[in-house]
$ cat coords_17.txt   # compact mmCIF, C-alpha atoms
# COMPACT_ATOMS: atom_id res chain seq x y z
CA MET A 305 23.13 33.24 -50.83
CA SER A 306 20.88 35.41 -48.67
CA LYS A 307 20.88 39.17 -49.05
CA LYS A 308 22.60 41.15 -46.30
CA ILE A 309 20.85 44.07 -44.57
CA ALA A 310 22.52 46.61 -42.25
CA PHE A 311 20.79 49.04 -39.88
CA LYS A 312 21.80 52.20 -38.08
CA THR A 313 19.44 53.77 -35.54
CA LEU A 314 19.68 57.31 -34.17
CA GLY A 315 17.52 58.91 -31.52
CA CYS A 316 14.82 57.61 -29.24
CA ARG A 317 13.69 54.20 -28.01
CA LEU A 318 10.73 54.34 -30.33
CA ASN A 319 13.16 54.38 -33.25
CA GLN A 320 15.05 51.52 -31.60
CA PHE A 321 11.88 49.45 -31.34
CA GLU A 322 10.96 50.11 -34.96
CA THR A 323 14.44 49.10 -36.12
CA ASP A 324 14.27 45.91 -34.02
CA ALA A 325 10.91 45.06 -35.57
CA LEU A 326 12.17 45.65 -39.11
CA ALA A 327 15.37 43.65 -38.50
CA SER A 328 13.28 40.79 -37.13
CA GLU A 329 11.03 40.83 -40.20
CA PHE A 330 14.02 40.65 -42.55
CA GLN A 331 15.52 37.74 -40.61
CA ARG A 332 12.25 35.81 -40.52
CA ASN A 333 12.17 36.08 -44.32
CA GLY A 334 15.65 34.71 -44.91
CA TYR A 335 17.74 37.88 -44.98
CA GLU A 336 20.97 38.20 -43.00
CA VAL A 337 21.32 41.22 -40.72
CA VAL A 338 24.95 42.38 -40.46
CA GLY A 339 26.77 45.18 -38.69
CA PHE A 340 26.57 48.64 -40.20
CA ASN A 341 30.33 48.61 -40.83
CA LYS A 342 30.04 45.46 -42.97
CA ASN A 343 29.31 45.11 -46.69
CA ALA A 344 25.57 44.79 -47.26
CA HIS A 345 23.08 44.73 -50.10
CA ALA A 346 20.97 47.38 -48.35
CA TYR A 347 21.62 49.95 -45.64
CA ILE A 348 18.71 51.33 -43.62
CA VAL A 349 19.28 54.53 -41.64
CA ASN A 350 16.57 55.29 -39.07
CA THR A 351 17.16 58.98 -38.45
CA CYS A 352 16.52 61.58 -35.75
CA THR A 353 15.98 65.32 -36.22
CA VAL A 354 15.14 66.56 -32.73
CA THR A 355 18.27 68.79 -32.50
CA ASN A 356 20.91 70.26 -34.81
CA GLN A 357 23.31 67.63 -33.49
CA SER A 358 20.80 64.91 -34.39
CA ASP A 359 20.61 66.31 -37.93
CA HIS A 360 24.39 66.32 -38.17
CA LYS A 361 24.70 62.72 -36.96
CA SER A 362 21.96 61.57 -39.32
CA ARG A 363 23.56 63.28 -42.33
CA HIS A 364 26.98 61.89 -41.41
CA THR A 365 25.54 58.37 -41.14
CA ILE A 366 23.77 58.68 -44.50
CA SER A 367 27.00 59.85 -46.14
CA ALA A 368 28.98 57.03 -44.53
CA ALA A 369 26.48 54.45 -45.79
CA SER A 370 26.55 55.84 -49.32
CA ARG A 371 30.34 55.40 -49.46
CA LYS A 372 30.31 51.73 -48.44
CA ASN A 373 28.99 50.15 -51.63
CA LYS A 374 27.66 52.21 -54.50
CA ASP A 375 25.62 49.23 -55.75
CA SER A 376 23.79 48.85 -52.43
CA LEU A 377 20.35 50.23 -51.64
CA LEU A 378 20.29 53.14 -49.19
CA VAL A 379 16.98 53.67 -47.43
CA VAL A 380 16.49 56.70 -45.18
CA THR A 381 13.57 56.69 -42.77
CA GLY A 382 12.73 58.19 -39.37
CA CYS A 383 12.07 61.78 -38.37
CA MET A 384 14.57 63.37 -40.76
CA ALA A 385 12.71 61.69 -43.60
CA ASP A 386 9.61 63.64 -42.58
CA ASN A 387 11.39 66.91 -41.88
CA TYR A 388 13.60 67.02 -45.00
CA LYS A 389 11.87 64.60 -47.38
CA ASN A 390 12.18 66.76 -50.51
CA ASP A 391 15.85 67.55 -49.90
CA LEU A 392 16.71 63.91 -49.23
CA GLU A 393 14.91 62.70 -52.34
CA LYS A 394 17.13 64.98 -54.46
CA GLN A 395 20.25 63.12 -53.28
CA LYS A 396 21.19 60.55 -55.93
CA ASN A 397 22.92 58.30 -53.40
CA ILE A 398 19.63 57.67 -51.54
CA SER A 399 17.43 54.95 -53.05
CA TYR A 400 14.26 55.50 -51.01
CA VAL A 401 13.03 58.03 -48.43
CA VAL A 402 10.33 56.55 -46.18
CA LYS A 403 8.29 58.70 -43.79
CA ASN A 404 7.48 57.57 -40.25
CA ASP A 405 3.89 56.57 -40.90
CA GLN A 406 5.04 54.20 -43.68
CA LYS A 407 8.18 52.92 -41.93
CA SER A 408 6.61 49.53 -41.25
CA SER A 409 6.57 48.95 -45.05
CA VAL A 410 10.39 49.10 -45.37
CA PHE A 411 10.74 45.31 -45.58
CA HIS A 412 8.12 45.03 -48.34
CA LEU A 413 9.71 47.93 -50.23
CA ILE A 414 13.21 46.41 -50.21
CA ASP A 415 12.00 42.86 -50.78
CA ALA A 416 10.03 44.01 -53.82
CA HIS A 417 13.09 45.88 -55.13
CA PHE A 418 15.27 42.77 -54.95
CA LYS A 419 12.55 40.83 -56.81
CA GLY A 420 12.73 43.31 -59.66
CA GLU A 421 9.65 45.33 -58.73
CA VAL A 422 9.85 49.12 -58.48
CA HIS A 423 7.54 50.56 -55.83
CA SER A 424 7.17 54.03 -54.38
CA PRO A 425 7.24 54.34 -50.58
CA ASP A 426 4.23 56.66 -50.84
CA GLY A 427 2.20 53.81 -52.32
CA TYR A 428 2.16 51.83 -49.08
CA GLU A 429 -0.53 52.07 -46.43
CA LYS A 430 0.06 54.48 -43.56
CA ASP A 431 0.14 52.41 -40.39
CA LYS A 432 2.07 53.53 -37.30
CA PHE A 433 1.41 50.20 -35.57
CA GLY A 434 2.03 47.91 -38.54
CA PHE A 435 5.26 46.47 -37.17
CA GLY A 436 5.66 42.78 -36.43
CA ILE A 437 7.19 41.24 -33.30
CA ALA A 438 10.70 42.45 -32.51
CA ASP A 439 11.98 38.99 -31.58
CA LYS A 440 15.31 38.97 -33.44
CA GLY A 441 16.45 42.55 -32.93
CA PHE A 442 19.38 44.13 -31.16
CA HIS A 443 18.12 44.23 -27.54
CA THR A 444 17.59 41.78 -24.68
CA ARG A 445 14.51 43.65 -23.54
CA SER A 446 11.45 43.73 -25.78
CA MET A 447 10.07 47.17 -26.51
CA ILE A 448 6.30 47.38 -26.95
CA LYS A 449 4.94 50.34 -28.90
CA ILE A 450 1.73 51.57 -27.31
CA GLN A 451 1.41 55.09 -28.72
CA ASP A 452 2.77 57.49 -31.35
CA GLY A 453 2.61 61.22 -32.04
CA CYS A 454 2.04 64.18 -29.73
CA ASP A 455 -0.54 66.94 -29.29
CA ASN A 456 1.39 69.06 -26.76
CA TYR A 457 3.17 71.38 -29.21
CA CYS A 458 5.94 72.53 -26.87
CA SER A 459 7.40 75.75 -28.24
CA TYR A 460 10.82 74.23 -29.05
CA CYS A 461 9.76 70.81 -30.33
CA ILE A 462 9.44 69.56 -33.89
CA VAL A 463 8.10 66.12 -32.94
CA PRO A 464 4.40 66.86 -33.69
CA LYS A 465 5.47 67.83 -37.22
CA VAL A 466 7.53 64.70 -37.89
CA ARG A 467 5.54 62.16 -35.84
CA GLY A 468 2.05 63.62 -36.27
CA ARG A 469 -0.92 63.85 -33.92
CA ALA A 470 -1.21 61.53 -30.93
CA VAL A 471 -2.67 58.10 -31.65
CA SER A 472 -2.92 55.08 -29.33
CA ARG A 473 -2.76 51.38 -30.10
CA THR A 474 -5.63 49.07 -29.16
CA PHE A 475 -5.25 47.09 -25.95
CA SER A 476 -5.98 43.84 -27.76
CA GLU A 477 -2.98 44.42 -30.03
CA ILE A 478 -0.76 45.42 -27.09
CA GLU A 479 -1.84 42.39 -25.06
CA GLN A 480 -1.22 39.99 -27.94
CA ASN A 481 2.17 41.57 -28.63
CA ILE A 482 3.19 41.11 -24.97
CA ARG A 483 1.91 37.53 -24.81
CA ASP A 484 3.82 36.71 -28.00
CA VAL A 485 7.17 38.09 -26.82
CA VAL A 486 6.78 36.51 -23.35
CA ASP A 487 6.10 33.16 -25.05
CA LEU A 488 9.31 33.69 -27.02
CA GLY A 489 11.22 34.04 -23.73
CA PHE A 490 11.54 37.79 -23.23
CA LYS A 491 11.62 38.66 -19.53
CA GLU A 492 11.36 42.45 -19.63
CA ILE A 493 9.06 44.58 -21.74
CA VAL A 494 9.57 48.31 -22.18
CA LEU A 495 6.49 50.39 -23.00
CA THR A 496 7.41 53.02 -25.54
CA GLY A 497 5.90 55.79 -27.64
CA VAL A 498 6.21 59.54 -28.12
CA ASN A 499 3.97 60.68 -25.24
CA ILE A 500 2.90 57.47 -23.53
CA GLY A 501 1.38 59.15 -20.48
CA ARG A 502 -1.36 60.48 -22.78
CA TYR A 503 -2.31 57.00 -23.94
CA GLU A 504 -6.08 56.74 -24.47
CA HIS A 505 -8.03 54.33 -26.62
CA GLU A 506 -11.80 53.88 -26.42
CA GLY A 507 -11.87 55.22 -22.85
CA LEU A 508 -8.88 53.20 -21.64
CA ARG A 509 -6.32 55.59 -20.17
CA PHE A 510 -2.66 55.10 -19.27
CA GLU A 511 -3.07 54.01 -15.63
CA SER A 512 -5.74 51.47 -16.55
CA LEU A 513 -3.63 50.20 -19.42
CA ILE A 514 -0.70 49.55 -17.05
CA GLU A 515 -3.01 47.73 -14.63
CA LYS A 516 -4.27 45.45 -17.40
CA ILE A 517 -0.71 44.77 -18.63
CA LEU A 518 0.40 43.83 -15.12
CA GLU A 519 -2.42 41.27 -14.99
CA ILE A 520 -1.05 39.40 -18.02
CA PRO A 521 0.38 36.09 -16.76
CA GLY A 522 4.03 35.18 -17.24
CA ASP A 523 7.53 35.50 -15.84
CA PHE A 524 8.34 39.04 -16.94
CA ARG A 525 8.64 42.55 -15.61
CA VAL A 526 7.42 45.86 -17.04
CA ARG A 527 9.45 49.02 -17.52
CA ILE A 528 7.97 52.37 -18.50
CA SER A 529 10.01 54.27 -21.06
CA SER A 530 10.60 58.03 -21.13
CA MET A 531 7.42 59.98 -20.39
CA GLU A 532 6.10 63.47 -19.81
CA PRO A 533 5.16 64.47 -16.22
CA ASP A 534 1.56 65.29 -17.10
CA GLY A 535 -1.67 63.51 -17.86
CA PHE A 536 -1.80 61.19 -14.82
CA GLY A 537 -2.78 61.41 -11.17
CA ASP A 538 -2.10 59.78 -7.78
CA ARG A 539 -3.41 56.46 -9.03
CA PHE A 540 -0.34 56.22 -11.24
CA PHE A 541 2.05 56.24 -8.28
CA GLU A 542 0.19 53.35 -6.64
CA LEU A 543 0.98 51.15 -9.65
CA PHE A 544 4.58 50.83 -8.47
CA ASP A 545 3.42 48.69 -5.54
CA HIS A 546 3.06 45.87 -8.07
CA PRO A 547 6.13 43.57 -8.11
CA LYS A 548 6.16 43.39 -11.92
CA LEU A 549 6.50 47.16 -12.40
CA THR A 550 10.11 48.31 -12.12
CA PRO A 551 10.86 51.24 -9.73
CA HIS A 552 12.39 53.56 -12.29
CA LEU A 553 11.08 56.42 -14.41
CA HIS A 554 12.68 58.70 -16.96
CA LEU A 555 10.47 61.71 -16.24
CA CYS A 556 11.28 64.68 -18.49
CA LEU A 557 11.80 67.92 -16.51
CA GLN A 558 13.48 70.09 -19.22
CA SER A 559 13.96 73.11 -16.90
CA GLY A 560 13.91 73.94 -13.20
CA SER A 561 12.70 77.48 -13.90
CA GLU A 562 8.96 78.17 -13.80
CA LYS A 563 9.43 81.03 -16.26
CA ILE A 564 11.28 78.87 -18.76
CA LEU A 565 8.79 76.00 -18.45
CA GLN A 566 5.98 78.41 -19.27
CA ASN A 567 7.89 79.74 -22.28
CA MET A 568 8.55 76.18 -23.37
CA ARG A 569 4.79 75.63 -23.17
CA ARG A 570 5.22 72.62 -20.94
CA MET A 571 2.04 71.24 -19.33
CA TYR A 572 3.20 71.22 -15.68
CA SER A 573 5.03 73.42 -13.19
CA VAL A 574 8.33 72.85 -11.37
CA LYS A 575 6.36 72.68 -8.13
CA GLU A 576 4.15 69.91 -9.52
CA PHE A 577 7.18 68.00 -10.80
CA ILE A 578 8.86 68.16 -7.38
CA GLN A 579 5.65 66.91 -5.76
CA MET A 580 5.61 63.93 -8.14
CA ALA A 581 9.22 63.11 -7.32
CA GLU A 582 8.57 63.37 -3.58
CA LYS A 583 5.52 61.07 -3.80
CA LEU A 584 7.54 58.42 -5.61
CA LYS A 585 10.52 58.63 -3.26
CA ASN A 586 8.40 58.76 -0.10
CA LYS A 587 6.57 55.63 -1.22
CA HIS A 588 9.69 53.88 -2.55
CA PRO A 589 12.87 55.38 -1.00
CA ASP A 590 15.19 53.67 -3.51
CA PHE A 591 13.14 54.75 -6.54
CA ASN A 592 15.40 55.76 -9.43
CA LEU A 593 14.48 58.94 -11.27
CA THR A 594 16.27 60.05 -14.44
CA THR A 595 15.41 63.01 -16.63
CA ASP A 596 16.04 65.32 -19.61
CA ILE A 597 17.13 68.94 -19.26
CA ILE A 598 17.45 71.53 -22.01
CA VAL A 599 20.02 74.28 -21.40
CA GLY A 600 20.21 77.58 -23.23
CA PHE A 601 16.54 77.94 -24.09
CA PRO A 602 15.86 81.49 -25.39
CA GLY A 603 15.74 83.94 -22.49
CA GLU A 604 17.31 81.51 -19.98
CA MET A 605 19.08 83.88 -17.60
CA GLU A 606 21.74 82.73 -15.15
CA GLU A 607 19.19 82.62 -12.33
CA ASP A 608 16.94 80.39 -14.45
CA PHE A 609 19.82 78.02 -15.11
CA GLN A 610 20.73 77.93 -11.41
CA GLU A 611 17.16 76.89 -10.63
CA SER A 612 17.64 73.91 -12.97
CA CYS A 613 20.87 73.06 -11.14
CA LYS A 614 19.16 73.27 -7.75
CA VAL A 615 16.23 71.06 -8.73
CA SER A 616 18.64 68.54 -10.27
CA ARG A 617 20.64 68.32 -7.05
CA ASP A 618 17.61 68.32 -4.75
CA ILE A 619 15.80 65.51 -6.59
CA GLY A 620 19.05 63.62 -7.20
CA PHE A 621 18.43 62.34 -10.73
CA SER A 622 20.87 59.46 -11.26
CA HIS A 623 21.19 60.41 -14.92
CA ILE A 624 20.39 63.65 -16.75
CA HIS A 625 20.21 63.53 -20.52
CA THR A 626 21.39 67.05 -21.31
CA PHE A 627 20.43 68.86 -24.50
CA LYS A 628 21.71 72.21 -25.72
CA TYR A 629 18.72 74.07 -27.13
CA SER A 630 18.60 73.84 -30.93
CA VAL A 631 16.64 76.18 -33.18
CA ARG A 632 14.06 74.13 -35.06
CA ASN A 633 12.49 76.00 -37.97
CA GLY A 634 8.71 76.06 -37.74
CA THR A 635 8.60 76.19 -33.94
CA LYS A 636 7.60 79.16 -31.80
CA ALA A 637 10.91 79.19 -29.94
CA ALA A 638 12.82 79.72 -33.19
CA ARG A 639 11.25 83.19 -33.39
CA MET A 640 11.92 84.12 -29.76
CA GLU A 641 14.30 86.91 -28.80
CA ASN A 642 17.30 86.53 -26.48
CA GLN A 643 18.79 83.44 -28.14
CA ILE A 644 21.64 82.16 -25.96
CA PRO A 645 25.21 82.11 -27.35
CA GLU A 646 26.59 78.64 -28.11
CA LYS A 647 29.53 79.13 -25.73
CA ILE A 648 27.17 79.66 -22.78
CA LYS A 649 25.04 76.65 -23.77
CA THR A 650 28.15 74.48 -23.91
CA GLU A 651 29.28 75.57 -20.44
CA ARG A 652 25.82 75.07 -18.94
CA SER A 653 25.65 71.63 -20.50
CA ARG A 654 28.99 70.75 -18.88
CA ILE A 655 27.74 71.88 -15.47
CA ILE A 656 24.55 69.80 -15.70
CA ARG A 657 26.54 66.75 -16.80
CA ASP A 658 28.81 67.22 -13.79
CA ILE A 659 25.78 67.36 -11.47
CA SER A 660 24.44 64.23 -13.16
CA LEU A 661 27.71 62.36 -12.54
CA LYS A 662 27.81 63.35 -8.85
CA ASN A 663 24.14 62.38 -8.44
CA ARG A 664 24.82 59.02 -10.08
CA VAL A 665 27.70 58.21 -7.74
CA ALA A 666 25.67 59.31 -4.70
CA TYR A 667 22.74 57.09 -5.74
CA PHE A 668 25.05 54.13 -6.32
CA GLU A 669 26.66 54.66 -2.91
CA LYS A 670 23.20 54.60 -1.35
CA MET A 671 22.41 51.35 -3.15
CA THR A 672 25.67 49.61 -2.21
CA GLY A 673 24.98 46.51 -0.11
CA LYS A 674 21.43 46.15 -1.39
CA GLU A 675 20.07 43.42 -3.64
CA GLN A 676 18.82 43.70 -7.20
CA ILE A 677 17.30 41.28 -9.68
CA VAL A 678 19.40 41.73 -12.82
CA LEU A 679 18.32 40.76 -16.32
CA THR A 680 21.56 39.49 -17.87
CA GLU A 681 22.88 40.37 -21.30
CA SER A 682 25.49 38.52 -23.37
CA PRO A 683 28.70 38.11 -21.30
CA LYS A 684 31.94 39.68 -22.49
CA SER A 685 35.44 38.63 -21.38
CA GLY A 686 34.02 36.44 -18.63
CA VAL A 687 31.96 39.29 -17.14
CA SER A 688 28.17 39.36 -17.29
CA ARG A 689 26.27 42.62 -17.46
CA GLY A 690 22.68 43.68 -17.13
CA TYR A 691 20.24 46.05 -15.49
CA GLY A 692 18.58 45.71 -12.12
CA GLU A 693 14.93 46.50 -11.57
CA ASN A 694 15.93 50.07 -10.60
CA TYR A 695 17.65 50.43 -13.98
CA ILE A 696 21.07 50.21 -12.39
CA PRO A 697 23.77 48.90 -14.79
CA VAL A 698 25.50 46.01 -13.04
CA ASN A 699 28.68 44.09 -13.89
CA ILE A 700 28.85 40.56 -12.45
CA GLU A 701 32.26 38.86 -12.41
CA THR A 702 30.67 35.53 -13.29
CA LYS A 703 29.93 34.22 -16.76
CA LEU A 704 26.16 33.77 -16.97
CA ARG A 705 23.93 33.04 -19.92
CA SER A 706 21.98 35.99 -21.24
CA ASN A 707 18.29 36.75 -20.69
CA GLN A 708 17.87 35.36 -17.20
CA PHE A 709 16.95 36.94 -13.89
CA VAL A 710 19.72 36.64 -11.31
CA LYS A 711 19.90 37.99 -7.80
CA VAL A 712 22.98 40.05 -6.97
CA ARG A 713 24.25 42.07 -4.04
CA LEU A 714 25.55 45.47 -5.13
CA SER A 715 29.06 45.45 -3.73
CA GLY A 716 30.68 48.59 -5.14
CA ILE A 717 31.03 51.15 -7.89
CA GLN A 718 32.99 50.66 -11.08
CA LYS A 719 34.36 54.10 -11.87
CA GLY A 720 34.39 55.62 -15.35
CA ASP A 721 32.79 58.33 -17.48
CA GLU A 722 29.46 56.58 -16.84
CA PRO A 723 29.95 54.68 -13.55
CA GLU A 724 28.29 51.29 -13.17
CA MET A 725 27.87 48.99 -10.21
CA ILE A 726 29.59 45.72 -9.36
CA GLY A 727 27.29 42.88 -8.38
CA GLU A 728 28.05 39.81 -6.31
CA TYR A 729 26.17 36.89 -7.85
CA LEU A 730 23.83 35.22 -5.35
CA LYS A 731 21.50 32.86 -7.21
CA VAL A 732 19.34 32.36 -10.27
CA GLU A 733 15.78 33.55 -9.76
CA SER A 734 14.26 32.04 -12.89
$ encode --input "coords_17.txt" --output "structure tokens"
Amino acid sequence: MSKKIAFKTLGCRLNQFETDALASEFQRNGYEVVGFNKNAHAYIVNTCTVTNQSDHKSRHTISAASRKNKDSLLVVTGCMADNYKNDLEKQKNISYVVKNDQKSSVFHLIDAHFKGEVHSPDGYEKDKFGFGIADKGFHTRSMIKIQDGCDNYCSYCIVPKVRGRAVSRTFSEIEQNIRDVVDLGFKEIVLTGVNIGRYEHEGLRFESLIEKILEIPGDFRVRISSMEPDGFGDRFFELFDHPKLTPHLHLCLQSGSEKILQNMRRMYSVKEFIQMAEKLKNKHPDFNLTTDIIVGFPGEMEEDFQESCKVSRDIGFSHIHTFKYSVRNGTKAARMENQIPEKIKTERSRIIRDISLKNRVAYFEKMTGKEQIVLTESPKSGVSRGYGENYIPVNIETKLRSNQFVKVRLSGIQKGDEPEMIGEYLKVES
């Protein structure tokens, strides 16, 4: 009987890709991947540590896994494994703690354990791009890792500590990875990394990389994952004229206050961000912009917060991922004066989420009656679901097989905590 492996992923899309790649490797080698709530021979928790809430969720997940089966392996990896490695290794319920730069070795570590070999995670080669193809993971879209690490050192951010310095993958590896997943039938690839806009390898920069990717033959489209609004110029905006590149960006603002951005040590100004948004929307009026905003950064006065609210409304982000500022030991912001009380951060977070919801409904109203090419996911209860090229979640009241492009007319809004759109099925595109 094959061994059963369960995964739980917290945090960013990069973590999601790495989990997908590991799950695929286990399945290709005869292991059975089961749900995290099922009995398994090994539980792998891919953690996040970007905020206090992330730490809490990661610790809760580790504790939950340790209670499932005391005879099972428990492997903790991801950013918490880098940030709290010594503390985690002292916990008797954890079998192995694997840092990010050795995460790709998790299969070999567990496989060796089940064969009676005892290895140390530290004995494996450090390779941030050592993951195989994520062809049997948990997502319809195939994420392609192009970059890791960050050199920006924002004053609040612990990512450079837990992910390391910026490093970019070779184009030949990226190209082969894309060709492989397209040959396997994937129709959307998502470019992911920590700071992908700063991609550079042997003189090849981000804009040129995208151009070369768009030239790869095949029936697929390209989506750019979350990125920082710095490190690229006007040439970048022209890339969205290409039919394969989806008209959506998650462009991280963090604050609408120039003062707060400077204190955050961000590499752009609010004025520059607004200019970027205007260029995209002038060129492509239906372009979908989403963003991140941190509330309650040290010294954020009410007028600073109101500037964030104004920019959020003016740009009309259809989704705002809202973070309450968390003190991260070892960062400059942790030593700043004028830390904001938790009660104020909670209220500001609520206000931004409310703006995000109103923006989302307004954007969906604007898109009603228009057509989208939706990549379908597995149908549930006779209803198919997927995302259009503008990253609009669409429910189609027709049972369709997953992983196909279908043309729909957006006919209305399905209300809820996170509204989605209703699509009228028109025809299969491919």
$ residues_around --input "coords_17.txt" --residues "Arg317 (chain A)" --least-positions-apart "4" --cutoff "9 Å" --atoms "all atoms listed in the file" --output "list in words"
Phe321, Glu322, Met447, Thr496, Gly497, Ser529 and Ser530 of chain A
$ atom_distance --input "coords_17.txt" --atom1 "CA of Gly535 (chain A)" --atom2 "CA of Arg502 (chain A)"
5.8 Å
$ atom_distance --input "coords_17.txt" --atom1 "CA of Glu515 (chain A)" --atom2 "CA of Gln579 (chain A)"
22.8 Å
$ residues_around --input "coords_17.txt" --residues "region 335-344 of chain A" --least-positions-apart "5" --cutoff "8 Å" --atoms "only C-alpha atoms" --output "PDB file with C-alpha atoms, in the frame of the given file"
ATOM      1  CA  SER A 306      20.880  35.410 -48.670  1.00  0.00           C
ATOM      2  CA  LYS A 307      20.880  39.170 -49.050  1.00  0.00           C
ATOM      3  CA  LYS A 308      22.600  41.150 -46.300  1.00  0.00           C
ATOM      4  CA  ILE A 309      20.850  44.070 -44.570  1.00  0.00           C
ATOM      5  CA  ALA A 310      22.520  46.610 -42.250  1.00  0.00           C
ATOM      6  CA  PHE A 311      20.790  49.040 -39.880  1.00  0.00           C
ATOM      7  CA  LYS A 312      21.800  52.200 -38.080  1.00  0.00           C
ATOM      8  CA  ALA A 327      15.370  43.650 -38.500  1.00  0.00           C
ATOM      9  CA  PHE A 330      14.020  40.650 -42.550  1.00  0.00           C
ATOM     10  CA  LYS A 372      30.310  51.730 -48.440  1.00  0.00           C
ATOM     11  CA  ASN A 373      28.990  50.150 -51.630  1.00  0.00           C
ATOM     12  CA  SER A 376      23.790  48.850 -52.430  1.00  0.00           C
TER      13      SER A 376
END
$ residues_around --input "coords_17.txt" --residues "region 683-700 of chain A" --least-positions-apart "6" --cutoff "7 Å" --atoms "all atoms listed in the file" --output "list in words"
Thr550, Pro551, His552, Phe591, Asn592, Gln676, Ile677, Glu724, Met725, Ile726, Gly727, Glu728 and Tyr729 of chain A
$ closest_residue --input "coords_17.txt" --among "A:Glu492, A:Glu477, A:Asp405, A:Glu641" --to "Asp523 (chain A)" --atoms "all atoms listed in the file"
A:Glu492
$ residues_around --input "coords_17.txt" --residues "Ser446 (chain A)" --least-positions-apart "4" --cutoff "7 Å" --atoms "all atoms listed in the file" --output "PyMOL selection string"
chain A and resi 438+490+492-494
$ atom_distance --input "coords_17.txt" --atom1 "CA of Glu429 (chain A)" --atom2 "CA of Ser408 (chain A)"
9.2 Å
$ closest_residue --input "coords_17.txt" --among "A:Asp431, A:Asp721, A:Glu519, A:Glu532" --to "Leu549 (chain A)" --atoms "all atoms listed in the file"
A:Glu519
$ residues_near_point --input "coords_17.txt" --point "(21.1, 60.9, -10.4)" --cutoff "10 Å" --atoms "all atoms listed in the file" --output "CSV table (one decimal) with C-alpha atoms, keeping the file's coordinate frame"
chain,number,residue,atom,x,y,z
A,592,ASN,CA,15.4,55.8,-9.4
A,593,LEU,CA,14.5,58.9,-11.3
A,594,THR,CA,16.3,60.0,-14.4
A,595,THR,CA,15.4,63.0,-16.6
A,616,SER,CA,18.6,68.5,-10.3
A,617,ARG,CA,20.6,68.3,-7.0
A,618,ASP,CA,17.6,68.3,-4.8
A,619,ILE,CA,15.8,65.5,-6.6
A,620,GLY,CA,19.0,63.6,-7.2
A,621,PHE,CA,18.4,62.3,-10.7
A,622,SER,CA,20.9,59.5,-11.3
A,623,HIS,CA,21.2,60.4,-14.9
A,624,ILE,CA,20.4,63.6,-16.8
A,659,ILE,CA,25.8,67.4,-11.5
A,660,SER,CA,24.4,64.2,-13.2
A,661,LEU,CA,27.7,62.4,-12.5
A,662,LYS,CA,27.8,63.4,-8.8
A,663,ASN,CA,24.1,62.4,-8.4
A,664,ARG,CA,24.8,59.0,-10.1
A,665,VAL,CA,27.7,58.2,-7.7
A,666,ALA,CA,25.7,59.3,-4.7
A,667,TYR,CA,22.7,57.1,-5.7
A,668,PHE,CA,25.0,54.1,-6.3
$ axis_aligned_box --input "coords_17.txt" --around "region 652-655 of chain A" --padding-each-side "8 Å" --output "lines of an AutoDock Vina configuration file"
center_x = 27.3
center_y = 72.9
center_z = -18.0
size_x = 19.3
size_y = 20.3
size_z = 21.0
$ closest_residue --input "coords_17.txt" --among "A:Glu504, A:Asp386, A:Glu542, A:Glu651" --to "Lys465 (chain A)" --atoms "all atoms listed in the file"
A:Asp386
$ decode --input "coords_17.txt" --residues "region 524-537 of chain A" --atoms "C-alpha atoms" --output "mmCIF file, in the first residue's frame"
data_model
loop_
_atom_site.group_PDB
_atom_site.id
_atom_site.type_symbol
_atom_site.label_atom_id
_atom_site.label_comp_id
_atom_site.auth_asym_id
_atom_site.auth_seq_id
_atom_site.Cartn_x
_atom_site.Cartn_y
_atom_site.Cartn_z
ATOM 1 C CA PHE A 524 -1.872 29.172 -23.365
ATOM 2 C CA ARG A 525 -2.029 32.569 -21.734
ATOM 3 C CA VAL A 526 0.363 34.273 -19.317
ATOM 4 C CA ARG A 527 -0.519 35.902 -16.013
ATOM 5 C CA ILE A 528 1.898 37.976 -13.955
ATOM 6 C CA SER A 529 1.721 37.320 -10.235
ATOM 7 C CA SER A 530 2.025 39.918 -7.471
ATOM 8 C CA MET A 531 4.806 42.411 -8.156
ATOM 9 C CA GLU A 532 6.393 45.586 -6.865
ATOM 10 C CA PRO A 533 5.730 48.845 -8.783
ATOM 11 C CA ASP A 534 9.409 49.515 -9.441
ATOM 12 C CA GLY A 535 12.180 48.304 -11.686
ATOM 13 C CA PHE A 536 10.403 48.624 -15.052
ATOM 14 C CA GLY A 537 9.594 51.358 -17.546
#
